[in-house]
Amino acid sequence: MLNPAHIINQLFEMQSRINEAGMTANFERNFKRLYSLFEEEGYIIQDLTGEAYTESRTDCEAGISGKIGSRMTITRTLKPVIYQKKDGAVQLLQKAVVIAENK
């Protein structure tokens, strides 16, 4: 049986590498189509990059870069948060794995 979270993680990693190579525009439409297929199946995929990080967040596990401070920001998402809508309820399928820094 296919594990949707594993496929989503691989897709997310490929997109990150393409973004780092500066080739986002060449593949943007393809990634949108693939992510929309997962959304049609009830998956919600969230990239937390740029959001505030606090130790009380329950949707991610963070590696801290630099000193811990009161104004931590997620600077990179290694794995996205994945939720699944099922029978009218939303369930956390995977916590994000992120890098957070004091800004």
# chains A, B, ... in the order shown; residues from 1 in each chain; ligands from 1
>>> residues_around(residues="Thr75 of chain A", least_positions_apart="4", cutoff="9 Å", atoms="only C-alpha atoms", output="list in words")
Leu48, Thr49, Gly50, Glu51, Val98, Ile99, Ala100 and Glu101 of chain A
>>> select_by_dssp(residues="chain A", states="alpha helix (DSSP H)", output="JSON, numbers by chain")
{"A": [4, 5, 6, 7, 8, 9, 10, 11, 12, 13, 14, 15, 16, 17, 18, 19, 20, 24, 25, 26, 27, 28, 29, 30, 31, 32, 33, 34, 35, 36, 37, 38, 39, 40]}
>>> residues_around(residues="Thr77 of chain A", least_positions_apart="5", cutoff="12 Å", atoms="only C-alpha atoms", output="PyMOL selection string")
chain A and resi 9+12-13+15-17+45-51+53+60-63+95-100
>>> write_last_selection(atoms="C-alpha atoms", output="CSV table (one decimal), in the first residue's frame")
chain,number,residue,atom,x,y,z
A,9,ASN,CA,7.5,14.4,1.5
A,12,PHE,CA,8.0,18.6,-1.1
A,13,GLU,CA,11.8,17.9,-1.1
A,15,GLN,CA,10.2,21.3,-4.9
A,16,SER,CA,12.6,22.7,-2.3
A,17,ARG,CA,15.6,21.6,-4.3
A,45,ILE,CA,-0.2,20.2,3.2
A,46,GLN,CA,1.4,23.3,4.9
A,47,ASP,CA,4.8,24.8,4.5
A,48,LEU,CA,5.6,26.6,7.8
A,49,THR,CA,8.5,28.7,6.5
A,50,GLY,CA,8.3,32.3,7.6
A,51,GLU,CA,5.9,31.6,10.5
A,53,TYR,CA,8.0,29.5,16.2
A,60,CYS,CA,6.1,20.8,14.3
A,61,GLU,CA,9.5,19.6,15.6
A,62,ALA,CA,12.2,22.2,15.3
A,63,GLY,CA,16.0,22.2,15.2
A,95,LYS,CA,4.2,17.0,12.2
A,96,ALA,CA,6.5,19.3,10.3
A,97,VAL,CA,10.3,19.2,10.7
A,98,VAL,CA,11.7,22.7,10.6
A,99,ILE,CA,14.7,24.9,11.3
A,100,ALA,CA,14.0,27.9,13.5
>>> residues_around(residues="Asn102 of chain A", least_positions_apart="2", cutoff="9 Å", atoms="only C-alpha atoms", output="ChimeraX atom specification")
/A:64-74,100
>>> write_last_selection(atoms="C-alpha atoms", output="mmCIF file, in the first residue's frame")
data_model
loop_
_atom_site.group_PDB
_atom_site.id
_atom_site.type_symbol
_atom_site.label_atom_id
_atom_site.label_comp_id
_atom_site.auth_asym_id
_atom_site.auth_seq_id
_atom_site.Cartn_x
_atom_site.Cartn_y
_atom_site.Cartn_z
ATOM 1 C CA ILE A 64 17.186 25.568 16.561
ATOM 2 C CA SER A 65 19.881 27.492 14.714
ATOM 3 C CA GLY A 66 21.706 30.066 16.845
ATOM 4 C CA LYS A 67 20.484 31.364 20.178
ATOM 5 C CA ILE A 68 16.991 30.678 21.472
ATOM 6 C CA GLY A 69 15.034 33.893 21.840
ATOM 7 C CA SER A 70 11.538 35.284 22.147
ATOM 8 C CA ARG A 71 11.202 36.071 18.422
ATOM 9 C CA MET A 72 11.934 32.754 16.746
ATOM 10 C CA THR A 73 11.013 32.345 13.085
ATOM 11 C CA ILE A 74 10.820 29.182 11.020
ATOM 12 C CA ALA A 100 13.959 27.925 13.523
#
>>> residues_around(residues="Ala5 of chain A", least_positions_apart="5", cutoff="8 Å", atoms="only C-alpha atoms", output="PDB file with N, CA and C atoms, in the first residue's frame")
ATOM      1  N   ILE A  82       1.190  17.714   7.564  1.00  0.00           N
ATOM      2  CA  ILE A  82       0.183  17.071   6.729  1.00  0.00           C
ATOM      3  C   ILE A  82      -1.012  16.720   7.610  1.00  0.00           C
ATOM      4  N   LEU A  93      -1.682  14.159  10.453  1.00  0.00           N
ATOM      5  CA  LEU A  93      -1.066  12.942   9.943  1.00  0.00           C
ATOM      6  C   LEU A  93       0.449  12.960  10.164  1.00  0.00           C
ATOM      7  N   GLN A  94       1.057  14.167  10.023  1.00  0.00           N
ATOM      8  CA  GLN A  94       2.504  14.310  10.198  1.00  0.00           C
ATOM      9  C   GLN A  94       2.839  15.696  10.707  1.00  0.00           C
TER      10      GLN A  94
END
>>> closest_residue(among="A:Leu37, A:Phe31, A:Gly42, A:Asp59", to="Ile18 of chain A", atoms="only C-alpha atoms")
A:Phe31
>>> closest_residue(among="A:Ile8, A:Met14, A:Tyr35, A:Asn30", to="Val81 of chain A", atoms="only C-alpha atoms")
A:Ile8
>>> closest_residue(among="A:Lys86, A:Lys79, A:Arg29, A:Lys103", to="Ile7 of chain A", atoms="only C-alpha atoms")
A:Lys79
>>> select_by_dssp(residues="chain A", states="strand (DSSP E or B)", output="NGL selection string")
:A and (43-46 or 52-53 or 60-65 or 72-79 or 81-86 or 89-94 or 96-102)
>>> atom_distance(atom1="atom CA of Leu2 of chain A", atom2="atom CA of Glu40 of chain A")
16.7 Å
>>> atom_distance(atom1="atom CA of Tyr43 of chain A", atom2="atom CA of Tyr83 of chain A")
5.7 Å
>>> decode(residues="chain A", atoms="C-alpha atoms", output="PDB file, in the first residue's frame")
ATOM      1  CA  MET A   1       0.000   0.000   0.000  1.00  0.00           C
ATOM      2  CA  LEU A   2       1.264   3.461  -0.879  1.00  0.00           C
ATOM      3  CA  ASN A   3       2.012   5.843   1.963  1.00  0.00           C
ATOM      4  CA  PRO A   4       0.685   9.288   0.900  1.00  0.00           C
ATOM      5  CA  ALA A   5       2.819  11.101   3.511  1.00  0.00           C
ATOM      6  CA  HIS A   6       5.984   9.545   2.053  1.00  0.00           C
ATOM      7  CA  ILE A   7       5.023  10.632  -1.468  1.00  0.00           C
ATOM      8  CA  ILE A   8       4.141  14.146  -0.261  1.00  0.00           C
ATOM      9  CA  ASN A   9       7.499  14.408   1.539  1.00  0.00           C
ATOM     10  CA  GLN A  10       9.379  13.386  -1.604  1.00  0.00           C
ATOM     11  CA  LEU A  11       7.403  15.876  -3.696  1.00  0.00           C
ATOM     12  CA  PHE A  12       8.045  18.621  -1.127  1.00  0.00           C
ATOM     13  CA  GLU A  13      11.787  17.861  -1.086  1.00  0.00           C
ATOM     14  CA  MET A  14      11.979  17.952  -4.893  1.00  0.00           C
ATOM     15  CA  GLN A  15      10.184  21.305  -4.917  1.00  0.00           C
ATOM     16  CA  SER A  16      12.595  22.692  -2.302  1.00  0.00           C
ATOM     17  CA  ARG A  17      15.616  21.611  -4.318  1.00  0.00           C
ATOM     18  CA  ILE A  18      14.203  23.109  -7.501  1.00  0.00           C
ATOM     19  CA  ASN A  19      13.509  26.381  -5.642  1.00  0.00           C
ATOM     20  CA  GLU A  20      17.101  26.448  -4.359  1.00  0.00           C
ATOM     21  CA  ALA A  21      18.348  25.946  -7.928  1.00  0.00           C
ATOM     22  CA  GLY A  22      16.272  28.930  -9.070  1.00  0.00           C
ATOM     23  CA  MET A  23      14.140  26.883 -11.447  1.00  0.00           C
ATOM     24  CA  THR A  24      10.771  27.328  -9.715  1.00  0.00           C
ATOM     25  CA  ALA A  25       9.011  28.935 -12.663  1.00  0.00           C
ATOM     26  CA  ASN A  26       9.742  25.934 -14.894  1.00  0.00           C
ATOM     27  CA  PHE A  27       7.862  23.509 -12.633  1.00  0.00           C
ATOM     28  CA  GLU A  28       5.352  25.625 -10.704  1.00  0.00           C
ATOM     29  CA  ARG A  29       2.326  24.455 -12.694  1.00  0.00           C
ATOM     30  CA  ASN A  30       3.329  20.794 -12.283  1.00  0.00           C
ATOM     31  CA  PHE A  31       3.708  21.096  -8.512  1.00  0.00           C
ATOM     32  CA  LYS A  32       0.362  22.901  -8.185  1.00  0.00           C
ATOM     33  CA  ARG A  33      -1.352  20.106 -10.111  1.00  0.00           C
ATOM     34  CA  LEU A  34       0.251  17.382  -7.995  1.00  0.00           C
ATOM     35  CA  TYR A  35      -0.587  19.113  -4.714  1.00  0.00           C
ATOM     36  CA  SER A  36      -4.174  19.669  -5.892  1.00  0.00           C
ATOM     37  CA  LEU A  37      -4.516  15.905  -6.463  1.00  0.00           C
ATOM     38  CA  PHE A  38      -3.641  15.311  -2.813  1.00  0.00           C
ATOM     39  CA  GLU A  39      -6.026  18.075  -1.711  1.00  0.00           C
ATOM     40  CA  GLU A  40      -8.838  16.407  -3.677  1.00  0.00           C
ATOM     41  CA  GLU A  41      -8.157  13.271  -1.617  1.00  0.00           C
ATOM     42  CA  GLY A  42      -8.518  15.229   1.645  1.00  0.00           C
ATOM     43  CA  TYR A  43      -4.886  16.036   2.452  1.00  0.00           C
ATOM     44  CA  ILE A  44      -3.891  19.492   3.685  1.00  0.00           C
ATOM     45  CA  ILE A  45      -0.190  20.246   3.198  1.00  0.00           C
ATOM     46  CA  GLN A  46       1.376  23.255   4.933  1.00  0.00           C
ATOM     47  CA  ASP A  47       4.832  24.773   4.529  1.00  0.00           C
ATOM     48  CA  LEU A  48       5.554  26.640   7.794  1.00  0.00           C
ATOM     49  CA  THR A  49       8.515  28.670   6.450  1.00  0.00           C
ATOM     50  CA  GLY A  50       8.254  32.287   7.593  1.00  0.00           C
ATOM     51  CA  GLU A  51       5.876  31.610  10.484  1.00  0.00           C
ATOM     52  CA  ALA A  52       6.656  32.387  14.106  1.00  0.00           C
ATOM     53  CA  TYR A  53       8.009  29.512  16.169  1.00  0.00           C
ATOM     54  CA  THR A  54       7.361  28.942  19.858  1.00  0.00           C
ATOM     55  CA  GLU A  55       8.106  25.874  21.932  1.00  0.00           C
ATOM     56  CA  SER A  56       4.356  25.501  22.515  1.00  0.00           C
ATOM     57  CA  ARG A  57       3.660  24.710  18.839  1.00  0.00           C
ATOM     58  CA  THR A  58       2.303  21.199  18.508  1.00  0.00           C
ATOM     59  CA  ASP A  59       2.369  20.970  14.711  1.00  0.00           C
ATOM     60  CA  CYS A  60       6.138  20.827  14.269  1.00  0.00           C
ATOM     61  CA  GLU A  61       9.458  19.635  15.616  1.00  0.00           C
ATOM     62  CA  ALA A  62      12.248  22.204  15.333  1.00  0.00           C
ATOM     63  CA  GLY A  63      15.971  22.250  15.154  1.00  0.00           C
ATOM     64  CA  ILE A  64      17.186  25.568  16.561  1.00  0.00           C
ATOM     65  CA  SER A  65      19.881  27.492  14.714  1.00  0.00           C
ATOM     66  CA  GLY A  66      21.706  30.066  16.845  1.00  0.00           C
ATOM     67  CA  LYS A  67      20.484  31.364  20.178  1.00  0.00           C
ATOM     68  CA  ILE A  68      16.991  30.678  21.472  1.00  0.00           C
ATOM     69  CA  GLY A  69      15.034  33.893  21.840  1.00  0.00           C
ATOM     70  CA  SER A  70      11.538  35.284  22.147  1.00  0.00           C
ATOM     71  CA  ARG A  71      11.202  36.071  18.422  1.00  0.00           C
ATOM     72  CA  MET A  72      11.934  32.754  16.746  1.00  0.00           C
ATOM     73  CA  THR A  73      11.013  32.345  13.085  1.00  0.00           C
ATOM     74  CA  ILE A  74      10.820  29.182  11.020  1.00  0.00           C
ATOM     75  CA  THR A  75      13.445  29.729   8.329  1.00  0.00           C
ATOM     76  CA  ARG A  76      13.215  26.372   6.583  1.00  0.00           C
ATOM     77  CA  THR A  77      10.712  23.536   6.400  1.00  0.00           C
ATOM     78  CA  LEU A  78      12.291  20.130   5.829  1.00  0.00           C
ATOM     79  CA  LYS A  79       9.003  18.216   5.975  1.00  0.00           C
ATOM     80  CA  PRO A  80       5.579  19.879   5.771  1.00  0.00           C
ATOM     81  CA  VAL A  81       2.676  19.526   8.187  1.00  0.00           C
ATOM     82  CA  ILE A  82       0.183  17.071   6.729  1.00  0.00           C
ATOM     83  CA  TYR A  83      -3.440  16.905   7.855  1.00  0.00           C
ATOM     84  CA  GLN A  84      -6.080  14.558   6.533  1.00  0.00           C
ATOM     85  CA  LYS A  85      -9.779  15.330   6.289  1.00  0.00           C
ATOM     86  CA  LYS A  86     -11.770  12.196   6.963  1.00  0.00           C
ATOM     87  CA  ASP A  87     -15.447  11.802   7.820  1.00  0.00           C
ATOM     88  CA  GLY A  88     -15.798  15.530   8.515  1.00  0.00           C
ATOM     89  CA  ALA A  89     -12.871  15.656  10.942  1.00  0.00           C
ATOM     90  CA  VAL A  90      -9.325  16.906  10.399  1.00  0.00           C
ATOM     91  CA  GLN A  91      -6.532  14.731  11.794  1.00  0.00           C
ATOM     92  CA  LEU A  92      -2.831  15.541  12.084  1.00  0.00           C
ATOM     93  CA  LEU A  93      -1.066  12.942   9.943  1.00  0.00           C
ATOM     94  CA  GLN A  94       2.504  14.310  10.198  1.00  0.00           C
ATOM     95  CA  LYS A  95       4.211  17.033  12.206  1.00  0.00           C
ATOM     96  CA  ALA A  96       6.491  19.343  10.252  1.00  0.00           C
ATOM     97  CA  VAL A  97      10.253  19.173  10.685  1.00  0.00           C
ATOM     98  CA  VAL A  98      11.653  22.714  10.620  1.00  0.00           C
ATOM     99  CA  ILE A  99      14.664  24.908  11.311  1.00  0.00           C
ATOM    100  CA  ALA A 100      13.959  27.925  13.523  1.00  0.00           C
ATOM    101  CA  GLU A 101      16.167  30.957  14.169  1.00  0.00           C
ATOM    102  CA  ASN A 102      16.018  33.988  16.437  1.00  0.00           C
ATOM    103  CA  LYS A 103      15.175  37.035  14.321  1.00  0.00           C
TER     104      LYS A 103
END
